[in-house]
file work_5.cif (mmCIF, C-alpha atoms and all ligand atoms)
data_work
#
loop_
_atom_site.label_atom_id
_atom_site.label_comp_id
_atom_site.auth_asym_id
_atom_site.auth_seq_id
_atom_site.Cartn_x
_atom_site.Cartn_y
_atom_site.Cartn_z
CA MET A 255 25.19 26.13 5.56
CA SER A 256 26.26 22.50 5.97
CA PHE A 257 25.39 19.76 3.45
CA SER A 258 22.74 18.15 5.68
CA ALA A 259 21.29 21.53 6.79
CA ARG A 260 20.72 22.43 3.14
CA ILE A 261 18.98 19.11 2.50
CA ARG A 262 16.92 19.31 5.69
CA ALA A 263 15.47 22.62 4.57
CA ASP A 264 13.69 20.75 1.74
CA PHE A 265 11.77 18.47 4.15
CA PRO A 266 8.92 20.28 5.92
CA ILE A 267 8.22 17.34 8.26
CA LEU A 268 11.69 17.56 9.79
CA ARG A 269 10.71 20.87 11.40
CA ARG A 270 8.07 19.25 13.61
CA THR A 271 8.46 18.19 17.23
CA VAL A 272 7.51 14.98 19.04
CA GLU A 273 6.77 15.10 22.75
CA GLY A 274 7.95 18.70 22.77
CA ARG A 275 11.38 17.81 21.38
CA PRO A 276 12.81 18.18 17.89
CA LEU A 277 12.02 15.07 15.86
CA VAL A 278 14.97 12.75 15.29
CA TYR A 279 13.67 10.50 12.53
CA PHE A 280 15.79 7.35 12.40
CA ASP A 281 13.20 5.01 10.86
CA ASN A 282 14.02 5.76 7.24
CA ALA A 283 14.42 2.13 6.18
CA ALA A 284 10.69 1.70 6.87
CA THR A 285 9.79 4.84 4.94
CA SER A 286 11.71 7.97 4.06
CA GLN A 287 10.41 11.53 4.30
CA ARG A 288 9.40 13.51 1.21
CA PRO A 289 10.99 16.71 -0.03
CA GLU A 290 8.95 19.77 -0.93
CA ALA A 291 9.29 19.03 -4.68
CA VAL A 292 7.53 15.66 -4.23
CA VAL A 293 4.78 17.07 -1.98
CA GLU A 294 4.28 19.84 -4.53
CA MET A 295 3.99 17.37 -7.44
CA GLN A 296 1.50 15.27 -5.46
CA GLN A 297 -0.66 18.33 -4.80
CA ARG A 298 -0.32 19.62 -8.36
CA LEU A 299 -1.54 16.34 -9.82
CA CYS A 300 -4.59 16.36 -7.53
CA ARG A 301 -5.35 20.05 -8.04
CA GLU A 302 -4.72 20.40 -11.77
CA HIS A 303 -4.27 17.15 -13.69
CA ASN A 304 -6.45 14.51 -12.04
CA ALA A 305 -7.77 12.18 -14.75
CA ASN A 306 -7.34 8.53 -15.61
CA ILE A 307 -4.25 7.80 -17.69
CA HIS A 308 -3.67 6.08 -21.04
CA ARG A 309 -7.39 6.05 -21.88
CA ALA A 310 -9.00 9.31 -22.83
CA VAL A 311 -8.18 11.93 -25.46
CA HIS A 312 -9.02 14.94 -23.30
CA THR A 313 -6.42 17.38 -21.98
CA LEU A 314 -6.38 16.30 -18.33
CA SER A 315 -5.91 12.66 -19.24
CA TYR A 316 -3.08 13.59 -21.59
CA GLU A 317 -1.36 15.65 -18.88
CA ALA A 318 -1.75 12.95 -16.22
CA THR A 319 -0.41 10.34 -18.66
CA GLU A 320 2.61 12.52 -19.49
CA ALA A 321 3.36 13.01 -15.79
CA TYR A 322 3.06 9.27 -15.05
CA GLU A 323 5.25 8.33 -18.01
CA ALA A 324 7.81 10.93 -16.87
CA GLY A 325 7.99 8.91 -13.63
CA ARG A 326 8.73 5.77 -15.63
CA LYS A 327 11.44 7.56 -17.63
CA ALA A 328 12.96 8.89 -14.41
CA ALA A 329 13.16 5.30 -13.10
CA GLN A 330 14.76 4.18 -16.37
CA ARG A 331 17.43 6.88 -16.09
CA PHE A 332 17.98 6.21 -12.39
CA LEU A 333 18.63 2.51 -13.02
CA ASN A 334 20.32 3.06 -16.39
CA ALA A 335 17.87 0.62 -17.99
CA ALA A 336 18.08 0.39 -21.77
CA SER A 337 14.48 1.48 -22.36
CA PRO A 338 11.39 2.69 -20.45
CA ASP A 339 9.75 -0.51 -21.76
CA GLU A 340 11.83 -2.39 -19.19
CA ILE A 341 10.27 -0.44 -16.30
CA VAL A 342 7.02 -1.88 -14.94
CA MET A 343 5.28 0.42 -12.49
CA THR A 344 3.92 -1.51 -9.48
CA SER A 345 2.67 -0.61 -6.03
CA GLY A 346 6.03 -1.38 -4.41
CA ALA A 347 8.86 -3.88 -4.04
CA THR A 348 6.43 -6.45 -2.60
CA MET A 349 4.16 -6.27 -5.63
CA SER A 350 7.16 -6.36 -7.98
CA ILE A 351 8.43 -9.61 -6.46
CA ASN A 352 4.96 -11.16 -6.38
CA LEU A 353 4.57 -10.21 -10.03
CA VAL A 354 7.79 -11.92 -11.10
CA ALA A 355 7.14 -15.01 -8.96
CA ASN A 356 3.60 -15.45 -10.26
CA CYS A 357 4.44 -14.78 -13.89
CA LEU A 358 7.25 -17.34 -13.73
CA ALA A 359 4.83 -19.89 -12.27
CA TRP A 360 2.04 -19.09 -14.77
CA GLY A 361 4.53 -19.32 -17.60
CA GLY A 362 5.73 -22.76 -16.54
CA PHE A 363 9.26 -21.54 -15.79
CA ILE A 364 9.15 -23.16 -12.33
CA GLY A 365 7.99 -26.73 -11.77
CA ARG A 366 8.15 -29.77 -9.51
CA GLY A 367 11.64 -30.46 -8.15
CA ASP A 368 12.99 -27.02 -9.11
CA ALA A 369 14.61 -24.76 -6.54
CA ILE A 370 14.50 -21.03 -5.77
CA LEU A 371 17.65 -19.79 -4.09
CA LEU A 372 17.38 -17.08 -1.41
CA THR A 373 19.63 -15.80 1.33
CA GLU A 374 18.92 -16.13 5.01
CA ALA A 375 18.58 -12.36 5.41
CA GLU A 376 15.64 -11.75 3.06
CA HIS A 377 12.67 -9.54 3.90
CA HIS A 378 9.35 -11.42 4.04
CA SER A 379 8.57 -9.84 0.66
CA ASN A 380 11.35 -11.90 -0.88
CA ILE A 381 10.45 -15.12 0.96
CA VAL A 382 6.68 -15.51 1.08
CA PRO A 383 5.85 -14.96 -2.63
CA TRP A 384 8.38 -17.67 -3.52
CA GLN A 385 7.01 -19.99 -0.84
CA MET A 386 3.53 -19.52 -2.30
CA VAL A 387 4.82 -20.33 -5.78
CA CYS A 388 6.58 -23.40 -4.40
CA GLN A 389 3.34 -24.61 -2.83
CA ARG A 390 1.60 -24.29 -6.18
CA THR A 391 4.29 -25.76 -8.38
CA GLY A 392 6.04 -28.38 -6.24
CA ALA A 393 9.32 -26.44 -6.27
CA HIS A 394 11.21 -25.74 -3.04
CA LEU A 395 13.31 -23.01 -1.43
CA GLU A 396 17.02 -23.28 -0.74
CA VAL A 397 18.55 -20.83 1.68
CA VAL A 398 22.14 -19.57 1.66
CA PRO A 399 23.46 -18.58 5.10
CA VAL A 400 24.80 -15.16 5.98
CA ASP A 401 27.82 -14.45 8.18
CA ALA A 402 26.03 -12.65 10.96
CA GLY A 403 26.07 -13.37 14.67
CA ALA A 404 28.43 -13.40 17.62
CA GLU A 405 31.22 -15.26 15.81
CA ASP A 406 31.49 -14.09 12.23
CA ASN A 407 29.71 -10.76 11.93
CA THR A 408 30.39 -9.22 8.52
CA GLY A 409 26.76 -9.52 7.44
CA SER A 410 27.87 -10.90 4.08
CA VAL A 411 26.37 -13.78 2.19
CA ASP A 412 28.47 -16.92 2.62
CA MET A 413 29.83 -16.99 -0.94
CA GLU A 414 31.22 -20.49 -0.66
CA ALA A 415 27.78 -21.81 0.29
CA TYR A 416 26.24 -19.70 -2.47
CA ARG A 417 28.51 -21.16 -5.13
CA ALA A 418 27.85 -24.67 -3.84
CA ALA A 419 24.07 -24.10 -4.01
CA LEU A 420 24.11 -23.00 -7.65
CA ARG A 421 23.21 -25.93 -9.84
CA ARG A 422 21.00 -26.65 -12.84
CA GLY A 423 17.73 -27.25 -10.92
CA VAL A 424 17.83 -23.71 -9.51
CA LYS A 425 15.35 -21.68 -11.54
CA MET A 426 15.77 -18.33 -9.84
CA VAL A 427 18.18 -16.61 -7.48
CA ALA A 428 16.31 -13.96 -5.46
CA ILE A 429 18.63 -11.93 -3.24
CA THR A 430 18.63 -8.70 -1.36
CA HIS A 431 21.06 -5.97 -2.38
CA VAL A 432 21.18 -4.71 1.22
CA SER A 433 19.35 -6.50 4.01
CA ASN A 434 16.94 -4.33 5.99
CA ILE A 435 18.37 -5.90 9.17
CA LEU A 436 22.10 -6.07 8.49
CA GLY A 437 22.81 -2.97 6.42
CA ALA A 438 25.74 -4.77 4.76
CA VAL A 439 26.04 -4.44 0.99
CA ASN A 440 25.96 -7.81 -0.76
CA PRO A 441 28.34 -8.50 -3.67
CA VAL A 442 25.41 -8.62 -6.07
CA ALA A 443 27.42 -8.15 -9.29
CA GLU A 444 29.56 -11.17 -8.41
CA MET A 445 26.46 -13.16 -7.41
CA VAL A 446 24.75 -12.37 -10.71
CA ALA A 447 27.85 -13.35 -12.70
CA GLU A 448 28.14 -16.66 -10.82
CA ALA A 449 24.46 -17.51 -11.39
CA HIS A 450 24.66 -16.59 -15.07
CA THR A 451 27.48 -19.06 -15.69
CA LEU A 452 24.74 -21.68 -15.25
CA GLY A 453 22.08 -19.63 -17.04
CA ILE A 454 20.15 -18.97 -13.81
CA PRO A 455 18.26 -15.66 -13.72
CA VAL A 456 18.69 -13.29 -10.77
CA LEU A 457 16.21 -10.97 -9.09
CA ILE A 458 17.66 -8.33 -6.80
CA ASP A 459 15.53 -6.87 -4.03
CA GLY A 460 16.78 -3.30 -4.06
CA ALA A 461 14.33 -1.85 -1.51
CA GLN A 462 17.24 -0.77 0.72
CA GLY A 463 20.14 -0.89 -1.75
CA ILE A 464 18.72 1.66 -4.19
CA VAL A 465 18.53 4.26 -1.42
CA HIS A 466 22.23 4.34 -0.63
CA ARG A 467 24.09 2.91 -3.62
CA ARG A 468 24.16 3.85 -7.29
CA VAL A 469 22.55 1.08 -9.32
CA ASP A 470 23.26 0.43 -12.96
CA VAL A 471 21.19 -2.56 -14.02
CA ARG A 472 23.09 -2.94 -17.27
CA ALA A 473 26.43 -3.08 -15.49
CA LEU A 474 24.97 -5.45 -12.87
CA ASP A 475 23.43 -7.53 -15.65
CA CYS A 476 20.65 -8.66 -13.26
CA ASP A 477 17.46 -9.99 -14.82
CA PHE A 478 15.15 -8.16 -12.42
CA TYR A 479 15.68 -5.32 -9.94
CA VAL A 480 12.87 -4.10 -7.69
CA PHE A 481 12.35 -1.20 -5.30
CA SER A 482 9.68 0.88 -3.56
CA GLY A 483 9.28 4.60 -4.17
CA HIS A 484 8.43 5.48 -0.57
CA LYS A 485 11.86 4.49 0.72
CA ILE A 486 13.51 6.94 -1.66
CA TYR A 487 11.57 10.20 -1.23
CA ALA A 488 8.44 9.25 -3.25
CA PRO A 489 4.96 8.59 -1.82
CA THR A 490 3.67 5.15 -0.89
CA GLY A 491 1.82 3.06 -3.46
CA ILE A 492 4.39 3.22 -6.23
CA GLY A 493 7.24 0.86 -6.96
CA VAL A 494 9.40 -0.31 -9.79
CA LEU A 495 10.10 -3.62 -11.41
CA TYR A 496 13.00 -3.49 -13.81
CA GLY A 497 13.05 -6.55 -16.04
CA LYS A 498 15.29 -7.35 -18.97
CA ARG A 499 13.32 -6.98 -22.19
CA GLU A 500 13.75 -10.64 -23.12
CA TRP A 501 12.25 -11.71 -19.78
CA LEU A 502 9.35 -9.26 -19.84
CA GLU A 503 8.51 -10.29 -23.37
CA LYS A 504 8.43 -14.01 -22.65
CA LEU A 505 6.62 -13.85 -19.28
CA PRO A 506 2.83 -14.03 -19.40
CA PRO A 507 0.92 -11.46 -17.31
CA PHE A 508 -0.70 -12.83 -14.16
CA MET A 509 -3.20 -10.03 -13.60
CA GLY A 510 -5.83 -9.15 -16.16
CA GLY A 511 -7.94 -6.04 -16.54
CA GLY A 512 -8.05 -2.64 -18.20
CA ASP A 513 -4.96 -1.09 -19.80
CA MET A 514 -3.00 -4.35 -20.17
CA VAL A 515 -4.79 -5.55 -23.29
CA GLY A 516 -4.57 -5.30 -27.07
CA ARG A 517 -8.03 -6.52 -28.12
CA VAL A 518 -10.66 -8.17 -25.95
CA SER A 519 -13.48 -10.44 -27.07
CA PHE A 520 -15.25 -13.36 -25.44
CA GLU A 521 -13.33 -15.65 -27.74
CA GLY A 522 -9.96 -14.44 -26.55
CA THR A 523 -7.78 -11.49 -25.63
CA THR A 524 -4.47 -10.18 -26.85
CA TYR A 525 -2.15 -8.33 -24.50
CA ALA A 526 -0.54 -4.92 -24.71
CA ASP A 527 3.19 -4.67 -25.33
CA ILE A 528 5.59 -4.41 -22.41
CA PRO A 529 5.51 -2.79 -19.93
CA LEU A 530 1.73 -2.16 -19.96
CA LYS A 531 1.07 -5.90 -20.28
CA PHE A 532 1.89 -6.07 -16.54
CA GLU A 533 -0.03 -2.97 -15.43
CA ALA A 534 -3.66 -4.11 -15.16
CA GLY A 535 -6.20 -1.62 -13.84
CA THR A 536 -5.93 2.05 -12.98
CA ALA A 537 -2.39 2.78 -11.89
CA ASN A 538 -1.47 4.98 -8.95
CA PHE A 539 -0.67 7.73 -11.39
CA VAL A 540 -0.30 10.45 -8.76
CA ALA A 541 2.43 8.54 -6.92
CA GLY A 542 3.87 7.40 -10.26
CA ALA A 543 4.28 11.02 -11.37
CA CYS A 544 6.04 11.76 -8.07
CA LEU A 545 8.77 9.24 -8.90
CA ALA A 546 10.27 11.86 -11.23
CA PRO A 547 10.93 14.59 -8.63
CA ALA A 548 11.83 11.94 -6.01
CA LEU A 549 14.47 10.20 -8.13
CA GLU A 550 15.76 13.51 -9.50
CA TYR A 551 16.16 14.64 -5.90
CA ALA A 552 18.00 11.42 -4.99
CA SER A 553 20.30 11.87 -8.01
CA ARG A 554 21.07 15.48 -7.09
CA VAL A 555 21.91 14.52 -3.51
CA ALA A 556 24.10 11.60 -4.61
CA ALA A 557 25.91 13.77 -7.19
CA ASN A 558 26.95 16.27 -4.51
CA PRO A 559 30.63 15.64 -3.76
CA GLN A 560 29.87 16.03 -0.02
CA ALA A 561 27.31 13.20 0.01
CA ALA A 562 29.71 10.27 0.38
CA GLU A 563 31.72 12.11 3.03
CA HIS A 564 28.54 12.89 4.97
CA GLU A 565 27.46 9.24 4.88
CA LYS A 566 30.90 8.17 6.14
CA THR A 567 30.71 10.71 8.97
CA LEU A 568 27.25 9.49 9.99
CA VAL A 569 28.36 5.85 9.90
CA ALA A 570 31.41 6.60 12.07
CA ALA A 571 29.33 8.65 14.54
CA MET A 572 26.68 5.93 14.82
CA ASN A 573 29.28 3.19 15.23
CA ARG A 574 30.80 5.22 18.10
CA ALA A 575 27.40 5.94 19.66
CA LEU A 576 26.36 2.29 19.61
CA ALA A 577 29.72 1.02 20.83
CA SER A 578 29.42 3.32 23.87
CA VAL A 579 26.46 1.28 25.15
CA ASP A 580 27.35 -1.50 27.49
CA GLY A 581 26.02 -4.98 26.53
CA ILE A 582 25.10 -4.10 22.97
CA PHE A 583 25.08 -6.59 20.09
CA MET A 584 25.26 -4.91 16.72
CA ALA A 585 24.28 -6.96 13.65
CA ALA A 586 26.97 -6.98 10.94
CA ALA A 587 29.28 -4.89 13.14
CA ASP A 588 32.26 -5.95 10.99
CA ALA A 589 30.65 -5.19 7.62
CA PRO A 590 33.33 -3.99 5.18
CA ASP A 591 30.71 -1.95 3.30
CA ARG A 592 27.53 -0.83 5.06
CA VAL A 593 24.75 1.64 4.47
CA PRO A 594 23.64 3.83 7.40
CA LEU A 595 21.39 1.19 8.94
CA TRP A 596 22.00 -0.66 12.21
CA SER A 597 20.01 -3.36 13.99
CA PHE A 598 20.97 -4.12 17.57
CA THR A 599 19.96 -5.65 20.87
CA ILE A 600 20.93 -4.50 24.34
CA GLU A 601 21.36 -6.95 27.19
CA GLY A 602 18.56 -6.66 29.76
CA VAL A 603 16.49 -4.24 27.63
CA HIS A 604 13.46 -5.23 25.58
CA PRO A 605 13.55 -3.58 22.12
CA LEU A 606 9.88 -2.58 22.25
CA ASP A 607 10.25 -0.86 25.65
CA ALA A 608 13.37 0.91 24.42
CA ALA A 609 11.68 2.12 21.21
CA MET A 610 8.71 3.47 23.22
CA LEU A 611 10.97 5.31 25.64
CA MET A 612 13.14 6.68 22.84
CA ASP A 613 10.00 8.03 21.18
CA LYS A 614 9.22 9.96 24.38
CA MET A 615 12.61 11.60 23.86
CA GLY A 616 11.76 12.49 20.25
CA VAL A 617 13.76 9.67 18.61
CA ALA A 618 11.89 7.44 16.12
CA LEU A 619 13.38 3.92 15.90
CA ARG A 620 12.01 0.65 14.59
CA SER A 621 11.64 -2.41 16.81
CA GLY A 622 10.48 -6.03 16.46
CA HIS A 623 11.27 -8.57 13.75
CA MET A 624 11.08 -5.90 11.03
CA CYS A 625 9.53 -8.28 8.47
CA ALA A 626 12.63 -10.47 8.41
CA GLU A 627 11.81 -13.06 11.05
CA PRO A 628 14.26 -15.80 10.02
CA ILE A 629 17.39 -13.66 10.44
CA VAL A 630 16.07 -11.72 13.46
CA ASP A 631 15.12 -14.99 15.16
CA ARG A 632 18.63 -16.32 14.70
CA ILE A 633 20.70 -13.28 15.63
CA GLY A 634 18.34 -11.15 17.70
CA GLY A 635 16.15 -13.58 19.64
CA GLY A 636 13.08 -12.53 17.62
CA SER A 637 13.20 -8.79 18.26
CA MET A 638 15.73 -6.03 17.65
CA LEU A 639 16.00 -2.25 17.53
CA ARG A 640 16.88 -0.53 14.28
CA ALA A 641 18.19 2.92 13.45
CA SER A 642 18.33 3.91 9.78
CA LEU A 643 19.51 7.26 8.48
CA MET A 644 19.20 9.35 5.33
CA PRO A 645 21.34 12.21 4.01
CA TYR A 646 19.09 14.69 5.87
CA ASN A 647 20.14 13.22 9.21
CA THR A 648 22.95 14.93 11.10
CA VAL A 649 25.77 14.20 13.53
CA GLU A 650 23.92 16.40 16.09
CA GLU A 651 20.98 14.00 15.81
CA VAL A 652 23.30 11.06 16.36
CA GLU A 653 24.45 12.78 19.57
CA ILE A 654 20.82 13.21 20.70
CA PHE A 655 20.23 9.53 19.85
CA GLU A 656 23.27 8.50 21.89
CA ARG A 657 22.20 10.46 24.99
CA ALA A 658 18.62 9.16 24.68
CA LEU A 659 19.85 5.57 24.32
CA GLN A 660 22.12 5.90 27.38
CA ARG A 661 19.17 7.22 29.43
CA THR A 662 16.88 4.50 28.10
CA VAL A 663 19.29 1.75 29.09
CA LYS A 664 19.74 3.27 32.55
CA ILE A 665 15.97 3.36 33.10
CA LEU A 666 15.11 -0.04 31.64
CA ARG A 667 18.02 -2.30 32.50
CA LYS A 668 17.06 -4.80 35.17
C1 LIG B 701 14.78 -5.34 1.85
C2 LIG B 701 13.32 -5.06 1.68
N1 LIG B 701 12.64 -5.71 0.73
C3 LIG B 701 11.35 -5.48 0.51
C4 LIG B 701 10.64 -4.59 1.26
C5 LIG B 701 9.19 -4.39 0.99
O1 LIG B 701 8.89 -3.08 0.61
P1 LIG B 701 7.37 -2.61 0.44
O2 LIG B 701 6.67 -2.95 1.72
O3 LIG B 701 7.50 -1.14 0.22
O4 LIG B 701 6.81 -3.32 -0.71
C6 LIG B 701 11.30 -3.89 2.29
C7 LIG B 701 10.57 -2.97 3.16
O5 LIG B 701 10.95 -2.70 4.27
C8 LIG B 701 12.68 -4.14 2.49
O6 LIG B 701 13.36 -3.49 3.44
#
call {"tool": "encode", "arguments": {"input": "work_5.cif", "output": "structure tokens"}}
result
Amino acid sequence: MSFSARIRADFPILRRTVEGRPLVYFDNAATSQRPEAVVEMQQRLCREHNANIHRAVHTLSYEATEAYEAGRKAAQRFLNAASPDEIVMTSGATMSINLVANCLAWGGFIGRGDAILLTEAEHHSNIVPWQMVCQRTGAHLEVVPVDAGAEDNTGSVDMEAYRAALRRGVKMVAITHVSNILGAVNPVAEMVAEAHTLGIPVLIDGAQGIVHRRVDVRALDCDFYVFSGHKIYAPTGIGVLYGKREWLEKLPPFMGGGDMVGRVSFEGTTYADIPLKFEAGTANFVAGACLAPALEYASRVAANPQAAEHEKTLVAAMNRALASVDGIFMAAADAPDRVPLWSFTIEGVHPLDAAMLMDKMGVALRSGHMCAEPIVDRIGGGSMLRASLMPYNTVEEVEIFERALQRTVKILRK
């Protein structure tokens, strides 16, 4: 049995059909599918251990708490964080970034005249929370360009511009590890080191990067790293915020409620220690528990010596398939290091029409601005198609994709 066939067998949903054809699921960057072990954990929690966590002394609450905390420990191991205290469980990457942005603002770490440095290829989740904080504090955004487009198409951050933008008034660098449009891997370790020479903290949006690259937050030395569980085999509604202990300890919480407190009285309240200080209210403990089997699954797949070879084969097959289409523009076509994610436009074909027609042929693609309007506006005229693959995808599926795309272009091209 091949590497991908063995993995596929763990994903019940991949056995279904769409429009009478085998499903070719190439929309993994939006959300990945879940292996049996995760589905099983989700059901087990609901069937056997459903009780609110951290609060009660009864058996079910203890079991649910243990399962949730096992999810936190799995995230700690996966990121190689120094302690589970540095792992804040959130609802997803979006919530993690909003949390950091708001806590920085509440804590007075960002003020009038300060700057937040982003790249041009950020997801809305790593733009809008900072814009909102800027509106409240009088700070402003500065945007580093990315080499993507007809001329220079590596998809990399313009490092010269990045270095030039780093200066004392910059209070945070917030950058994507891998853009959900470009698929190119940013030199995040180098970017962190450059920012740290001026004492500027760095948040890395790892929503796409964590899925395809090993992340060691201690080696990266980033101050914050965020990701969403649902893009890496876990259910929706759970995400991770890694924060260096020193940052989590000095930031004030921005959400109050149950579970995040020490003592509460009408005169004043003390807060719980990290990480619970940032986890107000009942957590999504079912999804949190599922982080453990999801990240263990991801680790097992990545540790397989065939995994890297399989990814390379998929990337080569997709590059060939896309290049075979006349009039195609592929974002970051010259990326020296890319994950299996491609955004593209095809001359004379509207992305939405193409995605609808491809679906009729059983192929699930993403279309539109994909929550990254600034970069898609510049390089894709406001709308692109995107194919994103996981280890369970196969070269045979790439061939189906290629034939479907050729047919789609033939039908739609004016
Ligand atoms: C690069 C990037 N950042 C952030 C997000 C936001 O993730 P979520 O909607 O799960 O919070 C996404 C989702 O597509 C993404 O691709």
call {"tool": "closest_residue", "arguments": {"input": "work_5.cif", "among": "A:Arg288, A:Ala543, A:Ala310, A:Lys668", "to": "Leu268 (chain A)", "atoms": "only C-alpha atoms"}}
result
A:Arg288
call {"tool": "residues_near_ligand", "arguments": {"input": "work_5.cif", "ligand": "ligand LIG 701 (chain B)", "cutoff": "10 Å", "atoms": "only C-alpha atoms and all ligand atoms", "output": "NGL selection string"}}
result
:A and (282-285 or 344-352 or 375-381 or 429-437 or 458-463 or 480-485 or 490-494 or 624-626)
call {"tool": "closest_residue", "arguments": {"input": "work_5.cif", "among": "A:Phe520, A:Phe583, A:Trp360, A:Tyr646", "to": "Leu505 (chain A)", "atoms": "all atoms listed in the file"}}
result
A:Trp360
call {"tool": "closest_residue", "arguments": {"input": "work_5.cif", "among": "A:Ala305, A:Leu639, A:Ala608, A:Ala534", "to": "Ser621 (chain A)", "atoms": "all atoms listed in the file"}}
result
A:Leu639
call {"tool": "residues_around", "arguments": {"input": "work_5.cif", "residues": "Ala585 (chain A)", "least_positions_apart": "2", "cutoff": "6 Å", "atoms": "all atoms listed in the file", "output": "ChimeraX atom specification"}}
result
/A:436,587,597-598
call {"tool": "residues_around", "arguments": {"input": "work_5.cif", "residues": "Asn647 (chain A)", "least_positions_apart": "4", "cutoff": "10 Å", "atoms": "only C-alpha atoms", "output": "PyMOL selection string"}}
result
chain A and resi 258-259+261-262+268+278-280+282+564-565+568+642-643+651-652
call {"tool": "closest_residue", "arguments": {"input": "work_5.cif", "among": "A:Gly325, A:Gly516, A:Pro594, A:Pro441", "to": "Ile341 (chain A)", "atoms": "all atoms listed in the file"}}
result
A:Gly325
call {"tool": "residues_around", "arguments": {"input": "work_5.cif", "residues": "region 401-412 of chain A", "least_positions_apart": "6", "cutoff": "7 Å", "atoms": "all atoms listed in the file", "output": "list in words"}}
result
Leu436, Ala438, Asn440, Ala585, Ala586, Ala587, Asp588, Ala589, Pro590 and Ile633 of chain A
call {"tool": "closest_residue", "arguments": {"input": "work_5.cif", "among": "A:Met572, A:Leu666, A:Val382, A:Met413", "to": "Leu606 (chain A)", "atoms": "all atoms listed in the file"}}
result
A:Leu666
call {"tool": "closest_residue", "arguments": {"input": "work_5.cif", "among": "A:Asp527, A:Glu374, A:Glu340, A:Glu503", "to": "Arg472 (chain A)", "atoms": "all atoms listed in the file"}}
result
A:Glu340
call {"tool": "atom_distance", "arguments": {"input": "work_5.cif", "atom1": "CA of Leu371 (chain A)", "atom2": "CA of Ala641 (chain A)"}}
result
28.7 Å
call {"tool": "atom_distance", "arguments": {"input": "work_5.cif", "atom1": "CA of Ser637 (chain A)", "atom2": "CA of Trp596 (chain A)"}}
result
13.4 Å
call {"tool": "atom_distance", "arguments": {"input": "work_5.cif", "atom1": "CA of Arg366 (chain A)", "atom2": "CA of Val446 (chain A)"}}
result
24.1 Å
call {"tool": "residues_around", "arguments": {"input": "work_5.cif", "residues": "Glu396 (chain A)", "least_positions_apart": "5", "cutoff": "8 Å", "atoms": "all atoms listed in the file", "output": "ChimeraX atom specification"}}
result
/A:369-372,419
